file final03.txt (compact mmCIF, N, CA and C atoms)
# COMPACT_ATOMS: atom_id res chain seq x y z
N MET A 27 -11.02 -16.25 26.65
CA MET A 27 -9.79 -15.53 26.88
C MET A 27 -8.76 -15.85 25.80
N ASN A 28 -8.66 -17.11 25.40
CA ASN A 28 -7.69 -17.52 24.39
C ASN A 28 -8.00 -16.88 23.04
N LYS A 29 -9.27 -16.80 22.69
CA LYS A 29 -9.68 -16.17 21.43
C LYS A 29 -9.29 -14.69 21.41
N LYS A 30 -9.49 -14.02 22.54
CA LYS A 30 -9.17 -12.60 22.65
C LYS A 30 -7.66 -12.37 22.48
N SER A 31 -6.86 -13.21 23.08
CA SER A 31 -5.40 -13.05 22.95
C SER A 31 -4.95 -13.36 21.53
N GLY A 32 -5.65 -14.27 20.86
CA GLY A 32 -5.34 -14.58 19.45
C GLY A 32 -5.62 -13.39 18.55
N VAL A 33 -6.72 -12.71 18.81
CA VAL A 33 -7.07 -11.52 18.02
C VAL A 33 -6.04 -10.42 18.25
N ILE A 34 -5.66 -10.22 19.50
CA ILE A 34 -4.65 -9.19 19.81
C ILE A 34 -3.32 -9.54 19.15
N LYS A 35 -2.94 -10.81 19.22
CA LYS A 35 -1.69 -11.25 18.60
C LYS A 35 -1.72 -11.02 17.09
N GLU A 36 -2.82 -11.38 16.43
CA GLU A 36 -2.95 -11.16 14.99
C GLU A 36 -2.88 -9.67 14.65
N GLY A 37 -3.55 -8.86 15.44
CA GLY A 37 -3.53 -7.42 15.21
C GLY A 37 -2.14 -6.83 15.33
N ILE A 38 -1.41 -7.25 16.35
CA ILE A 38 -0.05 -6.76 16.55
C ILE A 38 0.86 -7.23 15.41
N LEU A 39 0.74 -8.50 15.03
CA LEU A 39 1.57 -9.03 13.95
C LEU A 39 1.30 -8.32 12.62
N VAL A 40 0.03 -8.08 12.31
CA VAL A 40 -0.31 -7.38 11.07
C VAL A 40 0.21 -5.95 11.10
N THR A 41 0.10 -5.30 12.26
CA THR A 41 0.59 -3.93 12.38
C THR A 41 2.11 -3.87 12.15
N ILE A 42 2.84 -4.71 12.83
CA ILE A 42 4.30 -4.71 12.71
C ILE A 42 4.73 -5.10 11.30
N ALA A 43 4.14 -6.17 10.76
CA ALA A 43 4.50 -6.61 9.41
C ALA A 43 4.14 -5.55 8.37
N SER A 44 3.02 -4.87 8.56
CA SER A 44 2.61 -3.82 7.62
C SER A 44 3.58 -2.65 7.66
N LEU A 45 3.98 -2.24 8.85
CA LEU A 45 4.93 -1.14 8.96
C LEU A 45 6.29 -1.50 8.36
N LEU A 46 6.72 -2.73 8.58
CA LEU A 46 7.99 -3.18 7.99
C LEU A 46 7.89 -3.24 6.46
N THR A 47 6.78 -3.75 5.96
CA THR A 47 6.58 -3.83 4.52
C THR A 47 6.51 -2.43 3.91
N LEU A 48 5.85 -1.52 4.60
CA LEU A 48 5.79 -0.13 4.16
C LEU A 48 7.19 0.48 4.10
N ALA A 49 7.99 0.22 5.11
CA ALA A 49 9.36 0.75 5.13
C ALA A 49 10.15 0.20 3.95
N VAL A 50 10.01 -1.08 3.68
CA VAL A 50 10.71 -1.69 2.55
C VAL A 50 10.23 -1.08 1.24
N ALA A 51 8.92 -0.89 1.11
CA ALA A 51 8.35 -0.33 -0.12
C ALA A 51 8.88 1.07 -0.38
N PHE A 52 8.94 1.90 0.65
CA PHE A 52 9.40 3.27 0.44
C PHE A 52 10.92 3.35 0.29
N MET A 53 11.66 2.45 0.92
CA MET A 53 13.11 2.42 0.69
C MET A 53 13.41 1.96 -0.74
N LEU A 54 12.65 0.99 -1.21
CA LEU A 54 12.82 0.52 -2.58
C LEU A 54 12.46 1.63 -3.57
N TYR A 55 11.40 2.38 -3.28
CA TYR A 55 11.04 3.52 -4.13
C TYR A 55 12.19 4.53 -4.18
N PHE A 56 12.75 4.83 -3.02
CA PHE A 56 13.86 5.78 -2.96
C PHE A 56 15.04 5.29 -3.79
N LEU A 57 15.34 4.00 -3.70
CA LEU A 57 16.44 3.43 -4.47
C LEU A 57 16.16 3.55 -5.97
N ILE A 58 14.95 3.19 -6.38
CA ILE A 58 14.59 3.29 -7.80
C ILE A 58 14.63 4.75 -8.25
N PHE A 59 14.15 5.66 -7.40
CA PHE A 59 14.19 7.08 -7.72
C PHE A 59 15.62 7.55 -7.94
N MET A 60 16.51 7.13 -7.06
CA MET A 60 17.92 7.54 -7.18
C MET A 60 18.54 7.00 -8.47
N ILE A 61 18.18 5.77 -8.83
CA ILE A 61 18.69 5.19 -10.08
C ILE A 61 18.17 5.99 -11.27
N PHE A 62 16.86 6.28 -11.29
CA PHE A 62 16.29 7.07 -12.37
C PHE A 62 16.90 8.46 -12.42
N GLU A 63 17.12 9.04 -11.25
CA GLU A 63 17.71 10.39 -11.21
C GLU A 63 19.10 10.40 -11.82
N THR A 64 19.84 9.35 -11.55
CA THR A 64 21.21 9.26 -12.06
C THR A 64 21.24 8.95 -13.56
N VAL A 65 20.39 8.02 -13.97
CA VAL A 65 20.44 7.53 -15.35
C VAL A 65 19.57 8.34 -16.30
N ALA A 66 18.34 8.63 -15.91
CA ALA A 66 17.36 9.19 -16.85
C ALA A 66 17.12 10.68 -16.67
N ASN A 67 17.88 11.34 -15.84
CA ASN A 67 17.62 12.75 -15.56
C ASN A 67 18.82 13.61 -15.94
N GLN A 68 19.31 13.41 -17.13
CA GLN A 68 20.50 14.14 -17.56
C GLN A 68 20.25 15.64 -17.70
N ASP A 69 19.01 16.01 -18.05
CA ASP A 69 18.70 17.43 -18.23
C ASP A 69 18.21 18.11 -16.96
N GLY A 70 18.03 17.37 -15.88
CA GLY A 70 17.61 17.94 -14.60
C GLY A 70 16.15 18.32 -14.52
N SER A 71 15.32 17.82 -15.42
CA SER A 71 13.91 18.21 -15.46
C SER A 71 13.02 17.36 -14.56
N TYR A 72 13.49 16.21 -14.13
CA TYR A 72 12.71 15.28 -13.31
C TYR A 72 11.40 14.90 -13.98
N GLY A 73 11.41 14.76 -15.29
CA GLY A 73 10.21 14.39 -16.03
C GLY A 73 9.74 12.97 -15.76
N PHE A 74 10.58 12.17 -15.20
CA PHE A 74 10.23 10.77 -14.93
C PHE A 74 9.43 10.58 -13.65
N VAL A 75 9.37 11.59 -12.81
CA VAL A 75 8.83 11.43 -11.47
C VAL A 75 7.36 11.04 -11.47
N SER A 76 6.52 11.70 -12.29
CA SER A 76 5.10 11.38 -12.26
C SER A 76 4.83 9.95 -12.68
N LEU A 77 5.48 9.52 -13.73
CA LEU A 77 5.30 8.14 -14.18
C LEU A 77 5.82 7.16 -13.13
N LEU A 78 6.93 7.49 -12.51
CA LEU A 78 7.51 6.61 -11.49
C LEU A 78 6.58 6.49 -10.28
N ARG A 79 6.05 7.61 -9.81
CA ARG A 79 5.16 7.57 -8.63
C ARG A 79 3.96 6.67 -8.85
N VAL A 80 3.23 6.95 -9.91
CA VAL A 80 2.00 6.20 -10.17
C VAL A 80 2.31 4.78 -10.61
N GLY A 81 3.31 4.63 -11.45
CA GLY A 81 3.69 3.30 -11.92
C GLY A 81 4.13 2.38 -10.79
N TYR A 82 4.89 2.93 -9.86
CA TYR A 82 5.34 2.15 -8.71
C TYR A 82 4.15 1.68 -7.88
N GLY A 83 3.18 2.55 -7.68
CA GLY A 83 1.97 2.16 -6.94
C GLY A 83 1.19 1.08 -7.66
N ILE A 84 1.09 1.19 -8.97
CA ILE A 84 0.37 0.18 -9.75
C ILE A 84 1.11 -1.16 -9.70
N ILE A 85 2.43 -1.11 -9.76
CA ILE A 85 3.22 -2.35 -9.65
C ILE A 85 2.96 -3.01 -8.30
N TRP A 86 2.91 -2.22 -7.22
CA TRP A 86 2.63 -2.79 -5.90
C TRP A 86 1.23 -3.39 -5.84
N LEU A 87 0.24 -2.76 -6.49
CA LEU A 87 -1.10 -3.35 -6.52
C LEU A 87 -1.08 -4.69 -7.26
N GLY A 88 -0.34 -4.74 -8.36
CA GLY A 88 -0.21 -6.01 -9.09
C GLY A 88 0.46 -7.07 -8.25
N LEU A 89 1.51 -6.68 -7.53
CA LEU A 89 2.20 -7.60 -6.62
C LEU A 89 1.22 -8.13 -5.56
N CYS A 90 0.39 -7.25 -5.07
CA CYS A 90 -0.59 -7.66 -4.05
C CYS A 90 -1.56 -8.70 -4.61
N LEU A 91 -2.02 -8.48 -5.83
CA LEU A 91 -2.93 -9.46 -6.45
C LEU A 91 -2.24 -10.81 -6.62
N ILE A 92 -0.98 -10.79 -6.99
CA ILE A 92 -0.22 -12.04 -7.13
C ILE A 92 -0.07 -12.72 -5.77
N VAL A 93 0.28 -11.94 -4.73
CA VAL A 93 0.47 -12.51 -3.39
C VAL A 93 -0.82 -13.14 -2.88
N TYR A 94 -1.95 -12.51 -3.16
CA TYR A 94 -3.22 -13.06 -2.68
C TYR A 94 -3.60 -14.36 -3.37
N ARG A 95 -2.98 -14.66 -4.48
CA ARG A 95 -3.25 -15.93 -5.17
C ARG A 95 -2.30 -17.05 -4.73
N THR A 96 -1.36 -16.72 -3.85
CA THR A 96 -0.41 -17.73 -3.38
C THR A 96 -0.92 -18.35 -2.07
N THR A 97 -0.11 -19.24 -1.54
CA THR A 97 -0.49 -19.92 -0.29
C THR A 97 0.31 -19.42 0.91
N ILE A 98 0.93 -18.24 0.79
CA ILE A 98 1.69 -17.74 1.94
C ILE A 98 0.73 -17.37 3.06
N ASN A 99 1.28 -17.16 4.21
CA ASN A 99 0.52 -16.85 5.42
C ASN A 99 -0.40 -15.65 5.20
N ASP A 100 -1.63 -15.76 5.69
CA ASP A 100 -2.60 -14.67 5.54
C ASP A 100 -2.16 -13.38 6.21
N LEU A 101 -1.42 -13.48 7.30
CA LEU A 101 -0.95 -12.27 7.97
C LEU A 101 0.04 -11.51 7.07
N LEU A 102 0.86 -12.24 6.33
CA LEU A 102 1.78 -11.61 5.39
C LEU A 102 1.03 -11.02 4.20
N LYS A 103 -0.01 -11.70 3.77
CA LYS A 103 -0.84 -11.16 2.69
C LYS A 103 -1.44 -9.82 3.11
N ALA A 104 -1.91 -9.75 4.34
CA ALA A 104 -2.51 -8.51 4.84
C ALA A 104 -1.48 -7.40 4.89
N SER A 105 -0.26 -7.72 5.28
CA SER A 105 0.78 -6.67 5.34
C SER A 105 1.16 -6.19 3.95
N VAL A 106 1.18 -7.08 2.97
CA VAL A 106 1.45 -6.67 1.58
C VAL A 106 0.29 -5.81 1.07
N LEU A 107 -0.93 -6.15 1.47
CA LEU A 107 -2.09 -5.34 1.10
C LEU A 107 -1.96 -3.92 1.64
N ALA A 108 -1.57 -3.79 2.89
CA ALA A 108 -1.41 -2.46 3.50
C ALA A 108 -0.34 -1.66 2.76
N ALA A 109 0.79 -2.28 2.47
CA ALA A 109 1.87 -1.58 1.77
C ALA A 109 1.45 -1.23 0.35
N SER A 110 0.78 -2.14 -0.32
CA SER A 110 0.36 -1.89 -1.70
C SER A 110 -0.63 -0.73 -1.79
N LEU A 111 -1.63 -0.79 -0.95
CA LEU A 111 -2.63 0.29 -0.97
C LEU A 111 -2.01 1.63 -0.60
N THR A 112 -1.17 1.63 0.42
CA THR A 112 -0.53 2.88 0.83
C THR A 112 0.36 3.44 -0.27
N THR A 113 1.15 2.58 -0.88
CA THR A 113 2.05 3.02 -1.94
C THR A 113 1.25 3.62 -3.10
N PHE A 114 0.18 2.96 -3.49
CA PHE A 114 -0.64 3.47 -4.58
C PHE A 114 -1.33 4.78 -4.20
N MET A 115 -1.94 4.81 -3.01
CA MET A 115 -2.66 6.01 -2.60
C MET A 115 -1.72 7.20 -2.42
N VAL A 116 -0.53 6.97 -1.89
CA VAL A 116 0.43 8.06 -1.72
C VAL A 116 0.91 8.54 -3.09
N GLY A 117 1.17 7.62 -4.01
CA GLY A 117 1.60 8.00 -5.35
C GLY A 117 0.57 8.88 -6.04
N ILE A 118 -0.69 8.47 -5.97
CA ILE A 118 -1.77 9.25 -6.56
C ILE A 118 -1.93 10.57 -5.82
N GLY A 119 -1.90 10.52 -4.51
CA GLY A 119 -2.09 11.73 -3.70
C GLY A 119 -1.03 12.78 -3.92
N VAL A 120 0.22 12.36 -3.99
CA VAL A 120 1.30 13.31 -4.22
C VAL A 120 1.23 13.85 -5.65
N GLN A 121 0.89 12.98 -6.58
CA GLN A 121 0.81 13.41 -7.98
C GLN A 121 -0.31 14.43 -8.20
N MET A 122 -1.40 14.29 -7.47
CA MET A 122 -2.56 15.16 -7.67
C MET A 122 -2.80 16.08 -6.47
N TYR A 123 -1.72 16.52 -5.84
CA TYR A 123 -1.84 17.31 -4.62
C TYR A 123 -2.62 18.61 -4.81
N GLU A 124 -2.72 19.11 -6.03
CA GLU A 124 -3.45 20.36 -6.27
C GLU A 124 -4.96 20.16 -6.30
N SER A 125 -5.41 18.92 -6.30
CA SER A 125 -6.84 18.61 -6.34
C SER A 125 -7.21 17.72 -5.16
N PRO A 126 -7.24 18.26 -3.95
CA PRO A 126 -7.46 17.42 -2.78
C PRO A 126 -8.82 16.70 -2.76
N ILE A 127 -9.83 17.29 -3.36
CA ILE A 127 -11.13 16.62 -3.39
C ILE A 127 -11.07 15.38 -4.28
N VAL A 128 -10.43 15.50 -5.41
CA VAL A 128 -10.27 14.36 -6.31
C VAL A 128 -9.44 13.27 -5.64
N VAL A 129 -8.38 13.68 -4.97
CA VAL A 129 -7.54 12.71 -4.25
C VAL A 129 -8.37 11.98 -3.19
N GLY A 130 -9.15 12.72 -2.43
CA GLY A 130 -10.01 12.11 -1.42
C GLY A 130 -10.99 11.12 -2.02
N LEU A 131 -11.57 11.47 -3.15
CA LEU A 131 -12.51 10.56 -3.82
C LEU A 131 -11.80 9.31 -4.33
N ILE A 132 -10.60 9.48 -4.85
CA ILE A 132 -9.84 8.31 -5.33
C ILE A 132 -9.46 7.41 -4.15
N LEU A 133 -9.02 8.00 -3.06
CA LEU A 133 -8.67 7.20 -1.87
C LEU A 133 -9.90 6.45 -1.37
N LEU A 134 -11.04 7.12 -1.36
CA LEU A 134 -12.28 6.47 -0.93
C LEU A 134 -12.65 5.33 -1.87
N LEU A 135 -12.50 5.55 -3.16
CA LEU A 135 -12.81 4.52 -4.15
C LEU A 135 -11.87 3.31 -4.00
N VAL A 136 -10.59 3.57 -3.80
CA VAL A 136 -9.61 2.47 -3.63
C VAL A 136 -9.94 1.67 -2.37
N ALA A 137 -10.23 2.38 -1.26
CA ALA A 137 -10.55 1.68 -0.01
C ALA A 137 -11.85 0.89 -0.13
N ALA A 138 -12.87 1.50 -0.75
CA ALA A 138 -14.15 0.81 -0.90
C ALA A 138 -14.02 -0.42 -1.79
N THR A 139 -13.26 -0.29 -2.87
CA THR A 139 -13.04 -1.44 -3.75
C THR A 139 -12.31 -2.55 -3.02
N SER A 140 -11.32 -2.18 -2.22
CA SER A 140 -10.57 -3.17 -1.45
C SER A 140 -11.48 -3.91 -0.47
N VAL A 141 -12.28 -3.15 0.25
CA VAL A 141 -13.20 -3.77 1.22
C VAL A 141 -14.20 -4.67 0.51
N PHE A 142 -14.71 -4.23 -0.63
CA PHE A 142 -15.64 -5.05 -1.40
C PHE A 142 -15.00 -6.37 -1.81
N LEU A 143 -13.77 -6.30 -2.36
CA LEU A 143 -13.09 -7.52 -2.79
C LEU A 143 -12.76 -8.44 -1.62
N LEU A 144 -12.38 -7.85 -0.49
CA LEU A 144 -12.11 -8.66 0.69
C LEU A 144 -13.38 -9.36 1.17
N HIS A 145 -14.49 -8.64 1.15
CA HIS A 145 -15.77 -9.23 1.56
C HIS A 145 -16.19 -10.33 0.59
N LYS A 146 -15.99 -10.08 -0.69
CA LYS A 146 -16.37 -11.06 -1.72
C LYS A 146 -15.57 -12.35 -1.59
N THR A 147 -14.30 -12.22 -1.20
CA THR A 147 -13.44 -13.40 -1.06
C THR A 147 -13.43 -13.95 0.37
N LYS A 148 -14.27 -13.37 1.23
CA LYS A 148 -14.45 -13.85 2.60
C LYS A 148 -13.14 -13.93 3.39
N GLN A 149 -12.42 -12.82 3.42
CA GLN A 149 -11.15 -12.76 4.13
C GLN A 149 -11.39 -12.50 5.63
N LYS A 150 -10.38 -12.79 6.41
CA LYS A 150 -10.47 -12.59 7.86
C LYS A 150 -10.39 -11.11 8.20
N TRP A 151 -10.70 -10.80 9.44
CA TRP A 151 -10.82 -9.42 9.89
C TRP A 151 -9.54 -8.62 9.71
N TYR A 152 -8.38 -9.24 9.83
CA TYR A 152 -7.14 -8.46 9.78
C TYR A 152 -6.80 -7.97 8.38
N HIS A 153 -7.44 -8.50 7.37
CA HIS A 153 -7.27 -7.95 6.02
C HIS A 153 -7.96 -6.58 5.95
N TYR A 154 -9.11 -6.47 6.57
CA TYR A 154 -9.81 -5.19 6.64
C TYR A 154 -8.99 -4.20 7.48
N TYR A 155 -8.39 -4.70 8.52
CA TYR A 155 -7.53 -3.89 9.37
C TYR A 155 -6.34 -3.35 8.56
N ALA A 156 -5.83 -4.16 7.63
CA ALA A 156 -4.73 -3.72 6.77
C ALA A 156 -5.18 -2.54 5.90
N VAL A 157 -6.43 -2.56 5.46
CA VAL A 157 -6.95 -1.42 4.68
C VAL A 157 -6.97 -0.17 5.55
N VAL A 158 -7.38 -0.32 6.81
CA VAL A 158 -7.39 0.81 7.73
C VAL A 158 -5.97 1.34 7.94
N ILE A 159 -5.01 0.44 8.12
CA ILE A 159 -3.62 0.85 8.28
C ILE A 159 -3.17 1.63 7.05
N ALA A 160 -3.53 1.15 5.87
CA ALA A 160 -3.14 1.82 4.63
C ALA A 160 -3.73 3.22 4.55
N ILE A 161 -4.99 3.36 4.92
CA ILE A 161 -5.63 4.68 4.87
C ILE A 161 -4.95 5.63 5.85
N ILE A 162 -4.70 5.17 7.05
CA ILE A 162 -4.06 6.02 8.06
C ILE A 162 -2.65 6.41 7.62
N ALA A 163 -1.90 5.45 7.09
CA ALA A 163 -0.53 5.74 6.64
C ALA A 163 -0.54 6.73 5.48
N ALA A 164 -1.47 6.55 4.55
CA ALA A 164 -1.54 7.48 3.41
C ALA A 164 -1.93 8.88 3.88
N LEU A 165 -2.85 8.97 4.81
CA LEU A 165 -3.26 10.28 5.32
C LEU A 165 -2.12 10.97 6.06
N PHE A 166 -1.34 10.19 6.82
CA PHE A 166 -0.19 10.77 7.50
C PHE A 166 0.84 11.27 6.49
N TYR A 167 1.04 10.52 5.43
CA TYR A 167 2.04 10.91 4.44
C TYR A 167 1.59 12.15 3.66
N LEU A 168 0.30 12.16 3.33
CA LEU A 168 -0.21 13.27 2.53
C LEU A 168 -0.46 14.47 3.42
call {"tool": "encode", "arguments": {"input": "final03.txt", "output": "structure tokens"}}
result
Amino acid sequence: MNKKSGVIKEGILVTIASLLTLAVAFMLYFLIFMIFETVANQDGSYGFVSLLRVGYGIIWLGLCLIVYRTTINDLLKASVLAASLTTFMVGIGVQMYESPIVVGLILLLVAATSVFLLHKTKQKWYHYYAVVIAIIAALFYL
């Protein structure tokens, strides 16, 4: 019984922390977007948007790799993983919205690579759950 409640507790904590981290990631994106819009969009063309979308997702993936090399709590690592994957997948998905099959293949490749790396590093179950959260969040957004 104690093991079961521990699993439920971990699942709830990863879910809440992932949603909070996602909210922070997208609020930060909005803030950066507003700064770019004000500073770098004098002609009104929004030429910076594609680079910002994909670049922001790549930065989050890099942040995730850095976080996984630290000694912070594994539950927090999983929540950063969920936010990083979602941010990257949404950035790619929105950028390539005219090619849904390519987007689907990229999302599948990102998720499969994540699961492979998690398996290779022998992570706990809630890291895989974070990948599932990321996929669901990206699909809802797209």
call {"tool": "select_by_dssp", "arguments": {"input": "final03.txt", "residues": "chain A", "states": "alpha helix (DSSP H)", "output": "MDAnalysis selection string"}}
result
chainID A and resid 28:65 75:94 100:121 126:146 151:167
call {"tool": "residues_around", "arguments": {"input": "final03.txt", "residues": "region 134-145 of chain A", "least_positions_apart": "5", "cutoff": "8 Å", "atoms": "all atoms listed in the file", "output": "ChimeraX atom specification"}}
result
/A:111,115,128-129,150,153-154,157-158,161
call {"tool": "atom_distance", "arguments": {"input": "final03.txt", "atom1": "CA of Asn99 (chain A)", "atom2": "atom C of Lys146 (chain A)"}}
result
18.1 Å
call {"tool": "closest_residue", "arguments": {"input": "final03.txt", "among": "A:Tyr82, A:Leu131, A:Met122, A:Tyr94", "to": "Tyr55 (chain A)", "atoms": "all atoms listed in the file"}}
result
A:Tyr82
call {"tool": "atom_distance", "arguments": {"input": "final03.txt", "atom1": "atom C of Leu87 (chain A)", "atom2": "CA of Ile61 (chain A)"}}
result
22.3 Å
call {"tool": "closest_residue", "arguments": {"input": "final03.txt", "among": "A:Ala51, A:Ala156, A:Leu133, A:Leu77", "to": "Thr113 (chain A)", "atoms": "only C-alpha atoms"}}
result
A:Ala51
call {"tool": "atom_distance", "arguments": {"input": "final03.txt", "atom1": "CA of Val75 (chain A)", "atom2": "CA of Phe56 (chain A)"}}
result
11.4 Å
call {"tool": "residues_around", "arguments": {"input": "final03.txt", "residues": "region 35-42 of chain A", "least_positions_apart": "2", "cutoff": "8 Å", "atoms": "all atoms listed in the file", "output": "PDB file with N, CA and C atoms, in the coordinates of the input"}}
result
ATOM      1  N   LYS A  29      -9.270 -16.800  22.690  1.00  0.00           N
ATOM      2  CA  LYS A  29      -9.680 -16.170  21.430  1.00  0.00           C
ATOM      3  C   LYS A  29      -9.290 -14.690  21.410  1.00  0.00           C
ATOM      4  N   LYS A  30      -9.490 -14.020  22.540  1.00  0.00           N
ATOM      5  CA  LYS A  30      -9.170 -12.600  22.650  1.00  0.00           C
ATOM      6  C   LYS A  30      -7.660 -12.370  22.480  1.00  0.00           C
ATOM      7  N   SER A  31      -6.860 -13.210  23.080  1.00  0.00           N
ATOM      8  CA  SER A  31      -5.400 -13.050  22.950  1.00  0.00           C
ATOM      9  C   SER A  31      -4.950 -13.360  21.530  1.00  0.00           C
ATOM     10  N   GLY A  32      -5.650 -14.270  20.860  1.00  0.00           N
ATOM     11  CA  GLY A  32      -5.340 -14.580  19.450  1.00  0.00           C
ATOM     12  C   GLY A  32      -5.620 -13.390  18.550  1.00  0.00           C
ATOM     13  N   VAL A  33      -6.720 -12.710  18.810  1.00  0.00           N
ATOM     14  CA  VAL A  33      -7.070 -11.520  18.020  1.00  0.00           C
ATOM     15  C   VAL A  33      -6.040 -10.420  18.250  1.00  0.00           C
ATOM     16  N   SER A  44       3.020  -4.870   8.560  1.00  0.00           N
ATOM     17  CA  SER A  44       2.610  -3.820   7.620  1.00  0.00           C
ATOM     18  C   SER A  44       3.580  -2.650   7.660  1.00  0.00           C
ATOM     19  N   LEU A  45       3.980  -2.240   8.850  1.00  0.00           N
ATOM     20  CA  LEU A  45       4.930  -1.140   8.960  1.00  0.00           C
ATOM     21  C   LEU A  45       6.290  -1.500   8.360  1.00  0.00           C
ATOM     22  N   LEU A  46       6.720  -2.730   8.580  1.00  0.00           N
ATOM     23  CA  LEU A  46       7.990  -3.180   7.990  1.00  0.00           C
ATOM     24  C   LEU A  46       7.890  -3.240   6.460  1.00  0.00           C
ATOM     25  N   THR A  47       6.780  -3.750   5.960  1.00  0.00           N
ATOM     26  CA  THR A  47       6.580  -3.830   4.520  1.00  0.00           C
ATOM     27  C   THR A  47       6.510  -2.430   3.910  1.00  0.00           C
ATOM     28  N   LEU A  48       5.850  -1.520   4.600  1.00  0.00           N
ATOM     29  CA  LEU A  48       5.790  -0.130   4.160  1.00  0.00           C
ATOM     30  C   LEU A  48       7.190   0.480   4.100  1.00  0.00           C
ATOM     31  N   ASP A 100      -1.630 -15.760   5.690  1.00  0.00           N
ATOM     32  CA  ASP A 100      -2.600 -14.670   5.540  1.00  0.00           C
ATOM     33  C   ASP A 100      -2.160 -13.380   6.210  1.00  0.00           C
ATOM     34  N   LEU A 101      -1.420 -13.480   7.300  1.00  0.00           N
ATOM     35  CA  LEU A 101      -0.950 -12.270   7.970  1.00  0.00           C
ATOM     36  C   LEU A 101       0.040 -11.510   7.070  1.00  0.00           C
ATOM     37  N   LEU A 102       0.860 -12.240   6.330  1.00  0.00           N
ATOM     38  CA  LEU A 102       1.780 -11.610   5.390  1.00  0.00           C
ATOM     39  C   LEU A 102       1.030 -11.020   4.200  1.00  0.00           C
ATOM     40  N   ALA A 104      -1.910  -9.750   4.340  1.00  0.00           N
ATOM     41  CA  ALA A 104      -2.510  -8.510   4.840  1.00  0.00           C
ATOM     42  C   ALA A 104      -1.480  -7.400   4.890  1.00  0.00           C
ATOM     43  N   SER A 105      -0.260  -7.720   5.280  1.00  0.00           N
ATOM     44  CA  SER A 105       0.780  -6.670   5.340  1.00  0.00           C
ATOM     45  C   SER A 105       1.160  -6.190   3.950  1.00  0.00           C
ATOM     46  N   TYR A 152      -8.380  -9.240   9.830  1.00  0.00           N
ATOM     47  CA  TYR A 152      -7.140  -8.460   9.780  1.00  0.00           C
ATOM     48  C   TYR A 152      -6.800  -7.970   8.380  1.00  0.00           C
ATOM     49  N   TYR A 155      -8.390  -4.700   8.520  1.00  0.00           N
ATOM     50  CA  TYR A 155      -7.530  -3.890   9.370  1.00  0.00           C
ATOM     51  C   TYR A 155      -6.340  -3.350   8.560  1.00  0.00           C
ATOM     52  N   ALA A 156      -5.830  -4.160   7.630  1.00  0.00           N
ATOM     53  CA  ALA A 156      -4.730  -3.720   6.770  1.00  0.00           C
ATOM     54  C   ALA A 156      -5.180  -2.540   5.900  1.00  0.00           C
ATOM     55  N   ILE A 159      -5.010   0.440   8.120  1.00  0.00           N
ATOM     56  CA  ILE A 159      -3.620   0.850   8.280  1.00  0.00           C
ATOM     57  C   ILE A 159      -3.170   1.630   7.050  1.00  0.00           C
TER      58      ILE A 159
END
call {"tool": "closest_residue", "arguments": {"input": "final03.txt", "among": "A:Lys103, A:Glu63, A:Met53, A:Ser110", "to": "Gly88 (chain A)", "atoms": "only N, CA and C atoms"}}
result
A:Ser110
call {"tool": "closest_residue", "arguments": {"input": "final03.txt", "among": "A:Ile162, A:Ile132, A:Ala109, A:Ile127", "to": "Gly83 (chain A)", "atoms": "only C-alpha atoms"}}
result
A:Ala109
call {"tool": "closest_residue", "arguments": {"input": "final03.txt", "among": "A:Thr147, A:Gln121, A:Thr96, A:Thr112", "to": "Val80 (chain A)", "atoms": "only C-alpha atoms"}}
result
A:Gln121
call {"tool": "axis_aligned_box", "arguments": {"input": "final03.txt", "around": "region 41-55 of chain A", "padding_each_side": "5 Å", "output": "lines of an AutoDock Vina configuration file"}}
result
center_x = 6.8
center_y = -1.0
center_z = 4.3
size_x = 23.3
size_y = 21.1
size_z = 27.0
